[in-house]
Amino acid sequence: MKLMVIILNKTDALESLLEGMSAAGLGGATIIESSGLATTLSRLDSSIISASIRAILSGAEEDNRTILSVIRNDQLEIARKVVYNTVGDLSHPNTGIMFTLPIDFVEGTRKNRSGFEPAAVESEQPAAPEKDEKQQETEEKKRKFFGRSKNKKSKKEEN
């Protein structure tokens, strides 16, 4: 799994980019309004940025969008094609930046998302030991106290 990060300067392409990602099966993205260092310093009227740099940036004060999405390793090339086809070549100025980071652990994604393998995690855990009568009785009391019926399995038991 990878965390795909797209910092989109060309915000007029945002809607088509998101539609393209969705159509390609790259669902589940978070979009954050963001701005770059130079733009922010310019807005703050920082003494660090000279008047000449402010003049250059004066037309480029539009915020950008940061898109975060958890993707499978095999989806990277598809994502790159979608970005290239909707946003254009990222090597052009004021277009955007795209990169990925490896993910060692992810939780909270939809389990029915293709490629998510909860069984791989379960196989690493030892099997639960058989419960004796006293443990079963204790669990029954907990069910009554917490309002769980005997037929309902806990989330841990289902997985």
# chains A, B, ... in the order shown; residues from 1 in each chain; ligands from 1

$ residues_around --residues "segment 27-31 of chain A" --least-positions-apart "6" --cutoff "8 Å" --atoms "only C-alpha atoms" --output "VMD selection string"
chain A and resid 21 65 to 70

$ write_last_selection --atoms "C-alpha atoms" --output "short mmCIF file (atom, residue, chain, number, x, y, z; two decimals), in the first residue's frame"
data_model
loop_
_atom_site.label_atom_id
_atom_site.label_comp_id
_atom_site.auth_asym_id
_atom_site.auth_seq_id
_atom_site.Cartn_x
_atom_site.Cartn_y
_atom_site.Cartn_z
CA MET A 21 -9.51 8.90 -10.15
CA ARG A 65 -5.21 21.56 -3.09
CA THR A 66 -3.45 18.63 -1.46
CA ILE A 67 -5.02 15.28 -2.30
CA LEU A 68 -4.25 12.28 -0.09
CA SER A 69 -5.23 8.79 -1.15
CA VAL A 70 -4.31 5.28 0.02
#

$ atom_distance --atom1 "atom CA of Asp74 of chain A" --atom2 "atom CA of Pro102 of chain A"
12.7 Å

$ residues_around --residues "Arg80 of chain A" --least-positions-apart "3" --cutoff "10 Å" --atoms "only C-alpha atoms" --output "PyMOL selection string"
chain A and resi 21+75-77+83-85+98-99

$ closest_residue --among "A:Gly36, A:Gly20, A:Gly96, A:Gly25" --to "Val82 of chain A" --atoms "only C-alpha atoms"
A:Gly20

$ atom_distance --atom1 "atom CA of Asn94 of chain A" --atom2 "atom CA of Ile7 of chain A"
10.3 Å
